[in-house]
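Okay, structure first, notes after.
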Amino acid sequence: MFSMQNQWNSESEIECLIVGVYHPSTMLKGILPACNAAMNDDLIELIKSGDISTTKKAITTIPTLGKVKTKRIIFVGLGRESQLTEESWKEGVARAFRKVKDLRLSSITVDIDSLTGSSITFERAAALLGEVYMLSLYTFDGYKQSNKKSSSSIDQFNIISNENHQEIHNQLKKGFVYGKATNFARTLVNLPPNILTATTLSQYAEDLSKRYGFELEVLNKEEMQNLGMGALLAVNQGSVEPPAMIVLKYQGKPEWKDVIGLVGKGITYDTGGYSLKPRESMVGMKSDMGGAAAVLGAMEIIGELKPEQNVVAVIASTDNMVSATAMKPDDVITSLSGKTIEVLNTDAEGRLVLADAVTYAKHHGASYLVDIATLTGGVVVALGNEMTGVFTNNQSFLKQVQDASEKTGEPMWQLPITAKDRDRVKSSKIADLNNSPGRDGHAIMGAAFVGEFAEDTPWVHLDIAGTATVKKPSELQTYGGTGVMTKTLAQLVQDFKK
Ligand code: BES
Ligand code: ZN
Ligand code: ZN
């Protein structure tokens with residue numbers, strides 16, 4: 001799929017060469033001085049005249065008319081080196097890749113040295129190239145008849161560099177792995193709910209377990225009944241689709257201790273149940289398994305890169321439907337932990353399935369917990385669509401999650417859980433907990449509820465209701481599922497320190 005070349009490959013002509021170009025034009029890097037010489041200083045002239053733009057994220061394509069060994073050069077404007085950010089670098093490179101796709105070319109050649117700079121080392125550039133390549137070219141058009149498909153025709157990725165090739169190779173591969181896993185999570189989110197059920201979701205987990213040798217457990221309804229998973233079962237009660245509690249174990253240490261539990265909300269469709277959603281808010285609720293998707297995506301990265309950590313992934317999956325058998329507001333249910341819950345709103349179903357999943361992760365030895373869920377509309381009101389909401393009962397564990405999020409460029413913002421918030425989720429008159437103590441601060445209520453099941457275990461809760469999908473596509477992101485936090489969860493596991 002990808003190859004490395006030390007200098008110009010002199011035998012065959014390249015279809016297109018992607019290079020970075022800084023402002024001012026005296027800053028030509030990588031292969032560009034050689035190209036400029038071969039073109040009798042034409043490149044410098046074109047940059048000076050503005051025909052090749054050095055403006056951040058600007059893309060200029062020029063034909064070389066046989067003067068150098070590439071049919072065309074695609075320039076990515078990088079602006080002034082001192083002002084370059086990773087984000088604008090990624091967006092610029094993504095535009096160049098999309099240009100190659102628009103031109104319907106079948107290979108990409110990148111001069112990596114011209115794309116490095118004071119804030120981007122060549123190792124970092126290599127990792128980001130792999131990631132951006134995967135993310136920017138991703139589309140989901142599985143149900144379009146083939147002539148309408150927009151998938152890419154690119155099947156070759158070449159890098160030109162004078163730097164250490166083994167290191168570039170390793171980093172590039174890591175970038176591909178991170179990007180590909182994020183695309184896997186995106187696809188899971190984009191799959192329609194009649195196709196992606198709890199059963200098919202568990203088949204994806206099974207595929208991963210076979211590919212990477214994870215230990216797999218998928219509990220069926222009867223096993224859940226025997227264990228007393230009353231919260232997940234209550235949500236599934238109105239459905240004809242069987243529920244699934246999916247467990248994947250990855251052991252990267254000699255002993256099964258210091259286990260990181262990754263817990264995902266896997267609601268394959270959320271109608272709201274008897275507390276039915278309005279028709280406009282129901283559309284899109286196939287994405288209510290975005291947490292589960294991120295967990296499976298992270299497990300793919302973990303399977304590929306095999307960090308020296310122990311991880312248990314737990315996904316609670318069902319749809320949330322309406323029928324004569326469905327749970328109702330006013331029902332009281334008993335969770336796996338033994339805690340009883342008064343259901344005041346059947347649309348607050350995510351926290352119910354997470355309750356049992358968090359408890360089950362602890363049964364499997366999780367000593368650190370991260371749960372991830374499209375949990376509340378409240379977090380969208382509070383933080384919008386750029387920031388994931390994050391909550392914790394342990395600031396130092398949160399710091400590790402924040403560090404991972406900074407590395408991967410998936411921003412998050414902490415919201416509080418106070419003692420009074422915890423009292424509110426315990427405000428039921430007839431049960432231990434109340435699943436919906438009112439609209440005020442309800443992203444916090446959702447988090448505080450899940451926290452009751454984490455108890456004293458260091459725990460971080462990610463509410464991705466605002467970030468799991470996009471309505472507005474951008475350079476690295478087509479319409480639909482984002483696969484958000486796939487990278488961050490995997491990075492956390494890779495870097496985790498007790
Ligand atoms: N799946 C929704 C949350 C959601 C909202 C996800 C918007 C993605 C976009 C969740 O199950 C839900 O319905 N939450 C309720 C909670 C309320 C009833 C306490 C909400 O946010 O309104
Ligand atoms: Zn809901
Ligand atoms: Zn939901």
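For the structure tokens, the naming scheme is as follows: chains receive sequential letters (A, B, ...) according to their order of presentation, residues are indexed from 1 within each chain, and ligands are indexed from 1 in presentation order.
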Taking only C-alpha atoms and all ligand atoms into account, which residues have an atom no farther than 7 Å from ligand 2? I'd like them as a CSV table (one decimal) with C-alpha atoms, in the first residue's frame.
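Generated output (selection.csv):
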```
chain,number,residue,atom,x,y,z
A,270,ASP,CA,-33.2,5.7,20.8
A,271,THR,CA,-36.9,6.5,20.2
A,272,GLY,CA,-37.1,7.7,23.8
A,346,THR,CA,-37.6,6.3,29.7
A,347,ASP,CA,-35.6,8.6,27.4
A,348,ALA,CA,-32.8,8.7,30.0
A,349,GLU,CA,-32.0,5.1,29.0
A,350,GLY,CA,-28.3,5.6,28.4
```
Would you list the residues that come within 10 Å of ligand 3? Count only C-alpha atoms and all ligand atoms and give the answer as a PDB file with C-alpha atoms, in the first residue's frame.
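Once written, out-v7.pdb looks like this:
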```pdb
ATOM      1  CA  LYS A 265     -23.212   3.131  25.472  1.00  0.00           C
ATOM      2  CA  GLY A 266     -24.470   0.992  22.614  1.00  0.00           C
ATOM      3  CA  ILE A 267     -28.060   2.122  22.034  1.00  0.00           C
ATOM      4  CA  THR A 268     -28.558   1.188  18.387  1.00  0.00           C
ATOM      5  CA  TYR A 269     -31.695   3.332  18.210  1.00  0.00           C
ATOM      6  CA  ASP A 270     -33.216   5.684  20.754  1.00  0.00           C
ATOM      7  CA  THR A 271     -36.896   6.476  20.200  1.00  0.00           C
ATOM      8  CA  GLY A 272     -37.098   7.671  23.798  1.00  0.00           C
ATOM      9  CA  GLY A 273     -39.478   4.839  24.675  1.00  0.00           C
ATOM     10  CA  MET A 282     -35.623  11.173  16.815  1.00  0.00           C
ATOM     11  CA  MET A 285     -30.688   8.539  16.907  1.00  0.00           C
ATOM     12  CA  LYS A 286     -28.943   5.681  15.110  1.00  0.00           C
ATOM     13  CA  SER A 287     -25.834   7.475  16.397  1.00  0.00           C
ATOM     14  CA  ASP A 288     -26.729   6.615  19.993  1.00  0.00           C
ATOM     15  CA  MET A 289     -24.117   3.873  19.928  1.00  0.00           C
ATOM     16  CA  ASP A 319     -32.408  -0.318  21.100  1.00  0.00           C
ATOM     17  CA  ASN A 320     -34.895   1.770  23.122  1.00  0.00           C
ATOM     18  CA  THR A 346     -37.623   6.301  29.660  1.00  0.00           C
ATOM     19  CA  ASP A 347     -35.569   8.561  27.373  1.00  0.00           C
ATOM     20  CA  ALA A 348     -32.835   8.683  30.028  1.00  0.00           C
ATOM     21  CA  GLU A 349     -32.004   5.106  29.019  1.00  0.00           C
ATOM     22  CA  GLY A 350     -28.266   5.563  28.423  1.00  0.00           C
ATOM     23  CA  ARG A 351     -27.453   5.928  32.101  1.00  0.00           C
ATOM     24  CA  LEU A 352     -29.461   2.756  32.800  1.00  0.00           C
ATOM     25  CA  VAL A 353     -27.500   0.561  30.417  1.00  0.00           C
ATOM     26  CA  ALA A 373     -21.784   7.878  25.725  1.00  0.00           C
ATOM     27  CA  THR A 374     -24.042  10.057  23.617  1.00  0.00           C
ATOM     28  CA  LEU A 375     -25.747  10.703  26.928  1.00  0.00           C
ATOM     29  CA  THR A 376     -27.518  14.058  27.035  1.00  0.00           C
ATOM     30  CA  GLY A 377     -28.886  16.897  24.936  1.00  0.00           C
ATOM     31  CA  ALA A 465     -23.796  13.736  22.412  1.00  0.00           C
TER      32      ALA A 465
END
```
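For Ser88 (chain A), the set of protein, DNA and RNA residues having any atom at most 10 Å away, when counting only C-alpha atoms and skipping those fewer than 4 positions along the same chain, is Lys56, Lys57, Gly77, Leu78, Gly79, Gln83, Leu84, Gly92, Val93, Ala94 and Glu475 of chain A.
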message: Using DSSP secondary structure from the backbone, list all alpha helix (DSSP H) positions within region 25-141 of chain A, as a ChimeraX atom specification.
response: /A:32-38,42-49,86-102,122-137
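Note that CA of Asp432 (chain A) and CA of Ile417 (chain A) are 18.3 Å apart.
In this comparison, which uses only C-alpha atoms and all ligand atoms, the residue of A:Lys306, A:His364, A:His442, A:Lys90 approaching ligand 1 most closely is A:His442.
Close contacts of region 209-222 of chain A, defined as residues with an atom at most 7 Å away when counting only C-alpha atoms, with chain neighbours fewer than 6 positions off set aside, comprise Pro242, Pro243, Ala244, Met245, Ile246, Val247, Leu248, Lys249, Tyr250 and Gly303 of chain A.
Considering only C-alpha atoms, the residue among A:Ser82, A:Leu433, A:Leu17, A:Tyr22 positioned nearest to Ile108 (chain A) is A:Leu17.
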- request: Could you pull out the residues in region 303-364 of chain A that DSSP calls strand (DSSP E) from the backbone, as number ranges by chain?
  value: A: 310-320, 332-334, 340-342
Export of prior selection with N, CA and C atoms as a compact mmCIF listing (two decimals), in the first residue's frame:
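Output below, filename out-v7.txt:
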```txt
# COMPACT_ATOMS: atom_id res chain seq x y z
N ASN A 310 -3.41 -3.59 30.49
CA ASN A 310 -4.57 -4.49 30.52
C ASN A 310 -5.84 -3.67 30.28
N VAL A 311 -6.67 -4.15 29.39
CA VAL A 311 -7.88 -3.40 29.05
C VAL A 311 -9.08 -4.34 29.00
N VAL A 312 -10.17 -3.92 29.62
CA VAL A 312 -11.43 -4.63 29.41
C VAL A 312 -12.43 -3.64 28.81
N ALA A 313 -12.98 -4.01 27.67
CA ALA A 313 -14.00 -3.16 27.01
C ALA A 313 -15.36 -3.77 27.29
N VAL A 314 -16.28 -2.95 27.73
CA VAL A 314 -17.63 -3.45 28.01
C VAL A 314 -18.65 -2.56 27.30
N ILE A 315 -19.49 -3.18 26.50
CA ILE A 315 -20.49 -2.44 25.74
C ILE A 315 -21.88 -2.99 26.04
N ALA A 316 -22.75 -2.09 26.48
CA ALA A 316 -24.14 -2.49 26.74
C ALA A 316 -24.97 -2.06 25.56
N SER A 317 -25.59 -3.05 24.89
CA SER A 317 -26.27 -2.71 23.64
C SER A 317 -27.71 -3.22 23.56
N THR A 318 -28.57 -2.34 23.09
CA THR A 318 -29.97 -2.65 22.79
C THR A 318 -30.52 -1.43 22.07
N ASP A 319 -31.73 -1.54 21.52
CA ASP A 319 -32.41 -0.32 21.10
C ASP A 319 -33.39 0.08 22.21
N ASN A 320 -33.96 1.27 22.11
CA ASN A 320 -34.90 1.77 23.12
C ASN A 320 -36.21 2.03 22.41
N VAL A 332 -39.96 0.77 38.75
CA VAL A 332 -38.75 0.69 39.57
C VAL A 332 -38.01 -0.59 39.17
N ILE A 333 -36.72 -0.45 38.90
CA ILE A 333 -35.94 -1.60 38.43
C ILE A 333 -34.74 -1.82 39.36
N THR A 334 -34.21 -3.03 39.33
CA THR A 334 -33.03 -3.34 40.15
C THR A 334 -31.84 -3.62 39.23
N THR A 340 -31.48 0.11 43.41
CA THR A 340 -32.77 0.22 42.73
C THR A 340 -32.90 1.60 42.10
N ILE A 341 -33.63 1.64 40.99
CA ILE A 341 -33.76 2.88 40.21
C ILE A 341 -35.22 3.15 39.89
N GLU A 342 -35.67 4.35 40.21
CA GLU A 342 -37.00 4.76 39.78
C GLU A 342 -36.86 5.41 38.41
```
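A straight line drawn from CA of Glu81 (chain A) to CA of Leu32 (chain A) is 16.1 Å long.
Nearest residue to Ser337 (chain A) among A:Ala234, A:Ala357, A:Ala181, A:Val189 is A:Ala357, counting only C-alpha atoms.
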